[in-house]
>>> print(open('start-v2.tsv').read())   # TSV, C-alpha atoms and all ligand atoms
chain	number	residue	atom	x	y	z
A	1	LEU	CA	0.00	0.00	0.00
A	2	ASP	CA	2.89	2.35	0.73
A	3	ARG	CA	4.38	1.83	-2.71
A	4	MET	CA	0.96	2.30	-4.29
A	5	LYS	CA	0.53	5.54	-2.35
A	6	GLN	CA	3.86	6.76	-3.59
A	7	ALA	CA	3.05	5.71	-7.15
A	8	VAL	CA	-0.16	7.69	-7.34
A	9	SER	CA	1.04	10.60	-5.20
A	10	ARG	CA	0.98	13.12	-8.05
A	11	THR	CA	-2.54	12.16	-9.07
A	12	ARG	CA	-3.66	12.23	-5.43
A	13	GLU	CA	-2.14	15.66	-4.77
A	14	SER	CA	-3.71	17.10	-7.87
A	15	LEU	CA	-7.09	15.60	-6.98
A	16	GLU	CA	-6.79	16.81	-3.39
A	17	ASP	CA	-5.97	20.35	-4.47
A	18	ARG	CA	-9.16	20.44	-6.45
A	19	ILE	CA	-11.62	18.54	-4.31
A	20	GLU	CA	-10.39	18.98	-0.78
A	21	GLY	CA	-13.24	21.36	-0.10
A	22	VAL	CA	-15.83	19.14	-1.77
A	23	LEU	CA	-15.11	15.99	0.17
A	24	SER	CA	-14.63	17.66	3.53
A	25	LEU	CA	-16.83	16.76	6.45
A	26	THR	CA	-18.52	20.13	6.60
A	27	ARG	CA	-19.31	20.73	2.97
A	28	THR	CA	-22.97	20.35	2.12
A	29	VAL	CA	-23.44	18.15	-0.89
A	30	ASP	CA	-25.21	20.49	-3.28
A	31	GLU	CA	-25.09	20.85	-7.05
A	32	SER	CA	-22.02	23.08	-6.96
A	33	ALA	CA	-20.09	20.56	-4.89
A	34	LEU	CA	-21.00	17.83	-7.37
A	35	GLU	CA	-19.92	19.96	-10.31
A	36	ASP	CA	-16.57	20.65	-8.66
A	37	LEU	CA	-16.13	16.94	-8.15
A	38	GLU	CA	-16.96	16.15	-11.77
A	39	MET	CA	-14.42	18.70	-13.04
A	40	SER	CA	-11.64	17.34	-10.87
A	41	LEU	CA	-12.31	13.76	-11.94
A	42	ILE	CA	-12.10	14.82	-15.57
A	43	ALA	CA	-8.82	16.64	-14.85
A	44	SER	CA	-7.37	13.38	-13.52
A	45	ASP	CA	-8.03	11.85	-16.97
A	46	ILE	CA	-10.77	9.55	-15.82
A	47	GLY	CA	-12.60	10.56	-19.02
A	48	VAL	CA	-15.71	12.65	-19.57
A	49	THR	CA	-18.05	9.70	-20.14
A	50	THR	CA	-16.89	7.89	-17.04
A	51	ALA	CA	-16.96	11.01	-14.86
A	52	THR	CA	-20.45	11.86	-16.06
A	53	GLU	CA	-21.72	8.37	-15.29
A	54	ILE	CA	-20.25	8.38	-11.81
A	55	LEU	CA	-21.72	11.79	-11.11
A	56	GLU	CA	-25.16	10.77	-12.32
A	57	ALA	CA	-25.22	7.99	-9.79
A	58	LEU	CA	-24.01	10.28	-7.02
A	59	ARG	CA	-26.44	13.04	-7.99
A	60	ASP	CA	-29.27	10.56	-7.78
A	61	ARG	CA	-28.31	9.57	-4.25
A	62	ALA	CA	-27.86	13.22	-3.26
A	63	LYS	CA	-31.34	14.05	-4.55
A	64	ARG	CA	-32.83	11.33	-2.43
A	65	GLN	CA	-30.91	12.95	0.42
A	66	GLN	CA	-28.89	9.85	1.03
A	67	ILE	CA	-25.64	11.76	1.25
A	68	LYS	CA	-25.22	13.74	4.45
A	69	ASP	CA	-21.85	15.36	3.97
A	70	GLY	CA	-18.60	15.44	2.01
A	71	ALA	CA	-17.15	12.49	3.90
A	72	GLU	CA	-20.06	10.31	2.88
A	73	LEU	CA	-19.76	11.53	-0.68
A	74	LYS	CA	-16.12	10.46	-0.66
A	75	GLN	CA	-17.05	7.00	0.58
A	76	LEU	CA	-19.63	6.59	-2.18
A	77	LEU	CA	-17.18	7.85	-4.79
A	78	LYS	CA	-14.62	5.29	-3.67
A	79	GLU	CA	-17.20	2.53	-3.91
A	80	GLN	CA	-18.08	3.60	-7.44
A	81	LEU	CA	-14.45	3.65	-8.56
A	82	LYS	CA	-13.75	0.25	-7.03
A	83	ALA	CA	-16.85	-1.21	-8.66
A	84	ILE	CA	-15.72	-0.02	-12.10
A	85	LEU	CA	-12.28	-1.56	-11.62
A	86	ASP	CA	-13.55	-4.79	-10.05
A	87	GLU	CA	-16.00	-5.40	-12.86
A	88	GLN	CA	-13.02	-6.13	-15.14
A	89	ASN	CA	-11.10	-8.08	-12.54
A	90	ARG	CA	-11.28	-11.59	-13.99
A	91	PRO	CA	-8.64	-14.19	-13.22
A	92	ALA	CA	-5.96	-14.91	-15.81
A	93	ARG	CA	-6.60	-17.88	-18.07
A	94	THR	CA	-5.60	-21.21	-16.59
A	95	VAL	CA	-2.59	-22.87	-18.12
A	96	ALA	CA	-3.04	-26.50	-19.14
A	97	LYS	CA	0.69	-27.13	-19.18
A	98	PRO	CA	3.66	-24.77	-18.73
A	99	PRO	CA	5.02	-22.57	-20.19
A	100	GLU	CA	2.49	-19.81	-19.65
A	101	VAL	CA	3.03	-17.61	-22.69
A	102	ILE	CA	2.74	-13.85	-22.24
A	103	LEU	CA	2.91	-11.56	-25.28
A	104	MET	CA	3.82	-7.96	-24.51
A	105	VAL	CA	2.37	-5.54	-27.07
A	106	GLY	CA	2.08	-1.78	-27.38
A	107	VAL	CA	3.44	1.33	-29.02
A	108	ASN	CA	7.20	2.05	-28.90
A	109	GLY	CA	8.26	4.15	-25.96
A	110	THR	CA	5.47	3.05	-23.63
A	111	GLY	CA	7.88	0.86	-21.64
A	112	LYS	CA	7.28	-2.52	-23.25
A	113	THR	CA	10.86	-3.78	-23.11
A	114	THR	CA	11.42	-2.44	-19.60
A	115	THR	CA	8.19	-4.10	-18.43
A	116	SER	CA	9.16	-7.43	-20.04
A	117	GLY	CA	12.39	-7.32	-18.02
A	118	LYS	CA	10.66	-6.29	-14.79
A	119	LEU	CA	8.01	-8.98	-15.21
A	120	ALA	CA	10.69	-11.64	-15.75
A	121	ALA	CA	12.37	-10.48	-12.53
A	122	TYR	CA	9.00	-10.42	-10.71
A	123	TYR	CA	8.32	-14.09	-11.49
A	124	ARG	CA	11.94	-15.06	-10.77
A	125	ALA	CA	11.62	-13.45	-7.35
A	126	GLN	CA	8.65	-15.76	-6.73
A	127	GLY	CA	10.85	-18.73	-7.51
A	128	ARG	CA	9.30	-19.38	-10.92
A	129	SER	CA	11.37	-20.21	-13.99
A	130	VAL	CA	11.21	-17.78	-16.89
A	131	LEU	CA	12.47	-17.45	-20.45
A	132	LEU	CA	12.55	-14.11	-22.30
A	133	CYS	CA	12.12	-13.75	-26.05
A	134	ALA	CA	13.26	-10.68	-28.03
A	135	ALA	CA	10.74	-10.63	-30.86
A	136	ASP	CA	11.08	-6.91	-31.56
A	137	THR	CA	13.61	-7.71	-34.25
A	138	PHE	CA	13.02	-4.35	-35.93
A	139	ARG	CA	14.91	-2.25	-33.39
A	140	ALA	CA	18.47	-3.34	-32.59
A	141	ALA	CA	18.22	-1.26	-29.42
A	142	ALA	CA	15.27	-3.31	-28.20
A	143	ILE	CA	17.28	-6.53	-28.46
A	144	GLU	CA	20.28	-4.97	-26.68
A	145	GLN	CA	18.04	-3.49	-24.00
A	146	LEU	CA	16.42	-6.86	-23.34
A	147	GLU	CA	19.90	-8.42	-23.10
A	148	VAL	CA	20.65	-6.02	-20.27
A	149	TRP	CA	17.38	-6.94	-18.53
A	150	SER	CA	18.12	-10.61	-19.04
A	151	GLU	CA	21.46	-10.21	-17.22
A	152	ARG	CA	19.92	-8.08	-14.49
A	153	SER	CA	17.14	-10.53	-13.77
A	154	GLY	CA	19.17	-13.68	-14.33
A	155	VAL	CA	16.68	-14.87	-16.95
A	156	GLU	CA	17.81	-16.47	-20.20
A	157	LEU	CA	17.00	-14.72	-23.46
A	158	ILE	CA	16.20	-16.14	-26.88
A	159	LYS	CA	16.98	-13.62	-29.62
A	160	SER	CA	17.86	-13.39	-33.28
A	161	ARG	CA	19.75	-10.80	-35.28
A	162	GLN	CA	18.07	-7.52	-36.15
A	163	GLY	CA	15.76	-7.83	-39.14
A	164	GLY	CA	14.96	-11.49	-38.48
A	165	ASP	CA	11.41	-12.85	-38.63
A	166	PRO	CA	9.74	-12.24	-35.24
A	167	SER	CA	7.67	-15.42	-35.61
A	168	ALA	CA	10.82	-17.46	-36.27
A	169	VAL	CA	12.51	-16.31	-33.08
A	170	LEU	CA	9.24	-16.81	-31.22
A	171	TYR	CA	9.06	-20.38	-32.56
A	172	ASP	CA	12.56	-21.07	-31.22
A	173	ALA	CA	11.63	-19.55	-27.87
A	174	LEU	CA	8.43	-21.60	-27.59
A	175	GLN	CA	10.38	-24.79	-28.27
A	176	ALA	CA	13.12	-23.83	-25.81
A	177	ALA	CA	10.65	-22.90	-23.08
A	178	THR	CA	8.85	-26.22	-23.53
A	179	ALA	CA	12.03	-28.29	-23.71
A	180	ARG	CA	13.48	-26.57	-20.64
A	181	SER	CA	10.13	-26.76	-18.76
A	182	ARG	CA	9.96	-23.05	-17.98
A	183	ASP	CA	6.94	-21.76	-16.08
A	184	PHE	CA	6.75	-18.58	-18.16
A	185	LEU	CA	7.73	-17.33	-21.59
A	186	ILE	CA	7.65	-13.53	-21.84
A	187	VAL	CA	7.74	-12.19	-25.39
A	188	ASP	CA	8.70	-8.60	-26.21
A	189	THR	CA	7.17	-7.57	-29.56
A	190	ALA	CA	7.61	-4.62	-31.92
A	191	GLY	CA	5.50	-1.48	-31.65
A	192	ARG	CA	6.11	0.79	-34.59
A	193	LEU	CA	2.75	2.30	-35.23
A	194	HIS	CA	3.38	4.06	-38.55
A	195	THR	CA	3.11	0.68	-40.23
A	196	LYS	CA	-0.05	-0.18	-38.36
A	197	ASN	CA	-1.40	-2.83	-40.74
A	198	ASN	CA	1.94	-4.62	-40.97
A	199	LEU	CA	2.25	-4.52	-37.22
A	200	MET	CA	-1.16	-6.06	-36.66
A	201	ALA	CA	-0.47	-8.72	-39.31
A	202	GLU	CA	2.81	-9.50	-37.57
A	203	LEU	CA	1.15	-9.81	-34.16
A	204	ASP	CA	-1.50	-12.04	-35.70
A	205	LYS	CA	1.16	-14.28	-37.22
A	206	MET	CA	2.85	-14.51	-33.82
A	207	ARG	CA	-0.41	-15.55	-32.19
A	208	ARG	CA	-0.91	-18.25	-34.79
A	209	THR	CA	2.68	-19.45	-34.42
A	210	THR	CA	2.13	-19.70	-30.68
A	211	GLN	CA	-1.11	-21.62	-31.08
A	212	ARG	CA	0.47	-24.10	-33.45
A	213	LEU	CA	2.90	-25.21	-30.73
A	214	ILE	CA	0.74	-24.58	-27.67
A	215	PRO	CA	-2.97	-24.67	-28.55
A	216	ASP	CA	-4.25	-22.74	-25.50
A	217	ALA	CA	-1.58	-20.01	-25.78
A	218	PRO	CA	-0.89	-17.11	-25.70
A	219	HIS	CA	-2.37	-17.15	-22.21
A	220	GLU	CA	-2.00	-13.42	-21.77
A	221	VAL	CA	-1.59	-10.58	-24.25
A	222	LEU	CA	-0.58	-7.60	-22.15
A	223	LEU	CA	-0.93	-4.17	-23.70
A	224	VAL	CA	1.62	-1.77	-22.25
A	225	MET	CA	0.25	1.76	-21.91
A	226	ASP	CA	2.06	4.91	-20.82
A	227	ALA	CA	-0.03	6.64	-18.13
A	228	THR	CA	1.51	10.02	-18.91
A	229	THR	CA	-0.24	10.03	-22.31
A	230	GLY	CA	-3.60	9.89	-20.53
A	231	GLN	CA	-6.64	9.96	-22.76
A	232	ASN	CA	-4.48	10.00	-25.95
A	233	GLY	CA	-3.08	6.63	-24.95
A	234	LEU	CA	-6.63	5.23	-24.91
A	235	GLN	CA	-7.00	6.00	-28.59
A	236	GLN	CA	-3.80	4.09	-29.43
A	237	ALA	CA	-4.84	1.28	-27.14
A	238	ARG	CA	-8.04	0.74	-29.10
A	239	LEU	CA	-6.01	-0.08	-32.22
A	240	PHE	CA	-4.45	-2.97	-30.34
A	241	THR	CA	-7.49	-4.18	-28.47
A	242	GLU	CA	-9.40	-4.38	-31.74
A	243	SER	CA	-6.90	-6.64	-33.47
A	244	ALA	CA	-4.33	-8.09	-31.09
A	245	GLY	CA	-6.53	-10.06	-28.68
A	246	VAL	CA	-5.42	-8.08	-25.64
A	247	THR	CA	-6.33	-9.69	-22.30
A	248	GLY	CA	-4.94	-7.13	-19.86
A	249	ILE	CA	-3.16	-3.82	-19.39
A	250	VAL	CA	0.14	-2.79	-17.86
A	251	LEU	CA	0.00	0.89	-16.99
A	252	THR	CA	3.54	2.31	-16.90
A	253	LYS	CA	5.05	5.58	-15.66
A	254	LEU	CA	2.33	6.08	-13.09
A	255	ASP	CA	5.05	7.56	-10.89
A	256	GLY	CA	5.47	10.57	-13.14
A	257	THR	CA	1.93	11.72	-13.78
A	258	ALA	CA	-1.17	13.32	-12.33
A	259	LYS	CA	-3.24	11.40	-14.90
A	260	GLY	CA	-3.63	8.23	-12.83
A	261	GLY	CA	-7.40	8.40	-13.31
A	262	ILE	CA	-6.73	6.79	-16.67
A	263	ALA	CA	-6.76	3.41	-14.90
A	264	ILE	CA	-10.49	3.87	-14.31
A	265	ALA	CA	-11.07	4.94	-17.92
A	266	ILE	CA	-9.24	1.83	-19.14
A	267	ALA	CA	-11.49	-0.47	-17.12
A	268	ARG	CA	-14.63	1.40	-18.10
A	269	GLU	CA	-13.91	2.09	-21.78
A	270	LEU	CA	-11.57	-0.71	-22.88
A	271	LYS	CA	-13.31	-3.26	-20.63
A	272	LEU	CA	-9.95	-4.73	-19.69
A	273	PRO	CA	-8.33	-5.39	-16.32
A	274	VAL	CA	-5.21	-3.47	-15.31
A	275	ARG	CA	-2.85	-6.31	-14.34
A	276	TYR	CA	0.31	-4.42	-13.36
A	277	ILE	CA	1.50	-0.88	-12.89
A	278	GLY	CA	4.96	0.52	-13.60
A	279	VAL	CA	6.13	2.88	-10.89
A	280	GLY	CA	9.72	3.67	-11.92
A	281	GLU	CA	12.67	2.54	-14.01
A	282	LYS	CA	14.22	0.05	-11.61
A	283	ILE	CA	13.89	-3.72	-11.70
A	284	ASP	CA	11.41	-3.93	-8.82
A	285	ASP	CA	9.31	-0.97	-9.95
A	286	LEU	CA	6.44	-3.16	-11.13
A	287	LEU	CA	3.46	-3.83	-8.88
A	288	PRO	CA	0.51	-6.16	-9.35
A	289	PHE	CA	-2.56	-3.97	-9.60
A	290	ASP	CA	-4.89	-3.95	-6.63
A	291	SER	CA	-8.07	-1.92	-7.08
A	292	ASP	CA	-8.70	-1.43	-3.34
A	293	ALA	CA	-5.17	-0.18	-2.70
A	294	PHE	CA	-5.32	1.99	-5.81
A	295	VAL	CA	-8.57	3.74	-4.89
A	296	ASP	CA	-7.65	4.03	-1.22
A	297	SER	CA	-4.37	5.65	-2.27
A	298	LEU	CA	-6.09	8.05	-4.65
A	299	LEU	CA	-8.63	9.25	-2.09
A	300	GLU	CA	-7.16	8.88	1.36
B	401	LIG	P1	9.47	0.39	-25.39
B	401	LIG	O1	9.89	1.17	-26.59
B	401	LIG	O2	7.97	0.34	-25.28
B	401	LIG	O3	10.08	-0.95	-25.29
B	401	LIG	O4	9.91	1.28	-24.12
B	401	LIG	P2	11.16	1.12	-23.15
B	401	LIG	O5	11.01	-0.10	-22.35
B	401	LIG	O6	12.40	1.30	-23.93
B	401	LIG	O7	10.92	2.34	-22.15
B	401	LIG	C1	10.93	3.69	-22.59
B	401	LIG	C2	11.41	4.57	-21.43
B	401	LIG	O8	10.43	4.58	-20.39
B	401	LIG	C3	12.69	4.08	-20.79
B	401	LIG	O9	13.50	5.20	-20.52
B	401	LIG	C4	12.22	3.43	-19.49
B	401	LIG	O10	13.19	3.47	-18.48
B	401	LIG	C5	11.02	4.28	-19.16
B	401	LIG	N1	10.04	3.59	-18.28
B	401	LIG	C6	9.45	2.39	-18.52
B	401	LIG	N2	8.56	2.09	-17.53
B	401	LIG	C7	8.60	3.12	-16.64
B	401	LIG	C8	7.91	3.41	-15.40
B	401	LIG	O11	7.06	2.66	-14.92
B	401	LIG	N3	8.23	4.59	-14.79
B	401	LIG	C9	9.15	5.45	-15.31
B	401	LIG	N4	9.39	6.59	-14.63
B	401	LIG	N5	9.79	5.22	-16.46
B	401	LIG	C10	9.55	4.06	-17.12
>>> encode(input="start-v2.tsv", output="structure tokens", more="lines below")
Ligand code: GDP
Amino acid sequence: LDRMKQAVSRTRESLEDRIEGVLSLTRTVDESALEDLEMSLIASDIGVTTATEILEALRDRAKRQQIKDGAELKQLLKEQLKAILDEQNRPARTVAKPPEVILMVGVNGTGKTTTSGKLAAYYRAQGRSVLLCAADTFRAAAIEQLEVWSERSGVELIKSRQGGDPSAVLYDALQAATARSRDFLIVDTAGRLHTKNNLMAELDKMRRTTQRLIPDAPHEVLLVMDATTGQNGLQQARLFTESAGVTGIVLTKLDGTAKGGIAIAIARELKLPVRYIGVGEKIDDLLPFDSDAFVDSLLE
């Protein structure tokens, strides 16, 4: 909870600055208080649609005089936010037989490679065996970067030279992970968006390659999203969710933004669970997402 609090501190401070008065014990819950609340939720990048919906529900309760004061309003707001997040909180798909295959997808610069490395370290720390696969063969830097993460986390890496076929290196990695009985195979993929159709075709080919070797895989397709891009990131995310079979979100760079409300918008608008959050550049700066801790940290 402490790390979560730290991670969302900028969003919390910005929210507090705006709504301190609204959610205080003494404030009467009238229309102007509700409007202030709506504006501050929108400023946290929760999204207009989502903010409006939340406020409608709160307004309705206020009208029926079921909200005595600001403190009660805060409690109801927290319940609403948790409900939105929990609605998407389904368990990850069960794995018939290891390896559990996790494809990491998303636009370049969102933190995909970093997150692949952190996730490998996260599972290693739990005593699980992991194999990494560098399938972003387009960028030499991505392969080199993943090599560094592989050394840092003590997790083996399967890679090819730059320009190789991503599905070919993935095929090798799937065979290696099976032969070496690894619990997890984490696959870093390319994310150059200016060739959108090629990229989606490539991801599709990788999914089919995976299924050919392991019929129930990939077990997770994690879309990595940069929280600092807020609502703009949602637009990009839709491109992937429409064609890449995304099963969950990793929200990175939460440490550097006041736009943490985007986590709520993701659940509400993309209908996907946030699985992990990135809270810094270091190896242990990845936390499993916990909706209670998140909301309690946002609105203390
Ligand atoms: P990719 O192009 O999507 O693979 O992105 P990278 O993994 O290369 O990350 C881009 C930059 O974001 C790097 O400088 C990372 O250190 C940084 N980064 C990634 N995740 C986080 C995070 O959770 N917090 C912060 N502050 N920086 C991050």
>>> atom_distance(input="start-v2.tsv", atom1="atom CA of Gln162 of chain A", atom2="atom CA of Gln211 of chain A")
24.3 Å
>>> closest_residue(input="start-v2.tsv", among="A:Leu199, A:Ala62, A:Ile143, A:Ala96", to="ligand LIG 401 (chain B)", atoms="all atoms listed in the file")
A:Ile143
>>> residues_near_ligand(input="start-v2.tsv", ligand="ligand LIG 401 (chain B)", cutoff="9 Å", atoms="only C-alpha atoms and all ligand atoms", output="ChimeraX atom specification")
/A:105-117,136,141-142,145-146,188-192,224-227,251-256,277-282,285-286
>>> atom_distance(input="start-v2.tsv", atom1="atom CA of Leu41 of chain A", atom2="atom CA of Gly248 of chain A")
23.5 Å
>>> closest_residue(input="start-v2.tsv", among="A:Gln235, A:Leu73, A:Ser44, A:Asp86", to="Arg10 of chain A", atoms="only C-alpha atoms")
A:Ser44
>>> closest_residue(input="start-v2.tsv", among="A:Ser291, A:Thr52, A:Asn197, A:Gln126", to="Leu81 of chain A", atoms="only C-alpha atoms")
A:Ser291
>>> atom_distance(input="start-v2.tsv", atom1="atom CA of Ser129 of chain A", atom2="atom CA of Met4 of chain A")
26.6 Å
>>> closest_residue(input="start-v2.tsv", among="A:Ile84, A:Ala201, A:Met104, A:Ala177", to="Leu270 of chain A", atoms="all atoms listed in the file")
A:Ile84
>>> residues_around(input="start-v2.tsv", residues="Glu269 of chain A", least_positions_apart="5", cutoff="12 Å", atoms="all atoms listed in the file", output="list of chain:residue names")
A:Ile46, A:Gly47, A:Val48, A:Thr49, A:Thr50, A:Ala51, A:Glu53, A:Ile84, A:Leu85, A:Glu87, A:Gln88, A:Gln231, A:Leu234, A:Gln235, A:Ala237, A:Arg238, A:Thr241, A:Ile262, A:Ala263, A:Ile264
>>> closest_residue(input="start-v2.tsv", among="A:Lys97, A:His194, A:Arg268, A:Lys118", to="Leu213 of chain A", atoms="all atoms listed in the file")
A:Lys97
>>> closest_residue(input="start-v2.tsv", among="A:Asp30, A:Asp2, A:Asp45, A:Asp69", to="Thr257 of chain A", atoms="all atoms listed in the file")
A:Asp45
>>> residues_around(input="start-v2.tsv", residues="Lys68 of chain A", least_positions_apart="3", cutoff="8 Å", atoms="only C-alpha atoms", output="list in words")
Thr28, Val29, Gln65, Glu72 and Leu73 of chain A
>>> axis_aligned_box(input="start-v2.tsv", around="segment 23-27 of chain A", padding_each_side="8 Å", output="AutoDock Vina command-line options")
--center_x -17.0 --center_y 18.4 --center_z 3.4 --size_x 20.7 --size_y 20.7 --size_z 22.4
>>> residues_near_point(input="start-v2.tsv", point="(-16.7, 21.7, 0.5)", cutoff="10 Å", atoms="all atoms listed in the file", output="VMD selection string")
chain A and resid 19 to 30 32 to 34 36 to 37 69 to 71
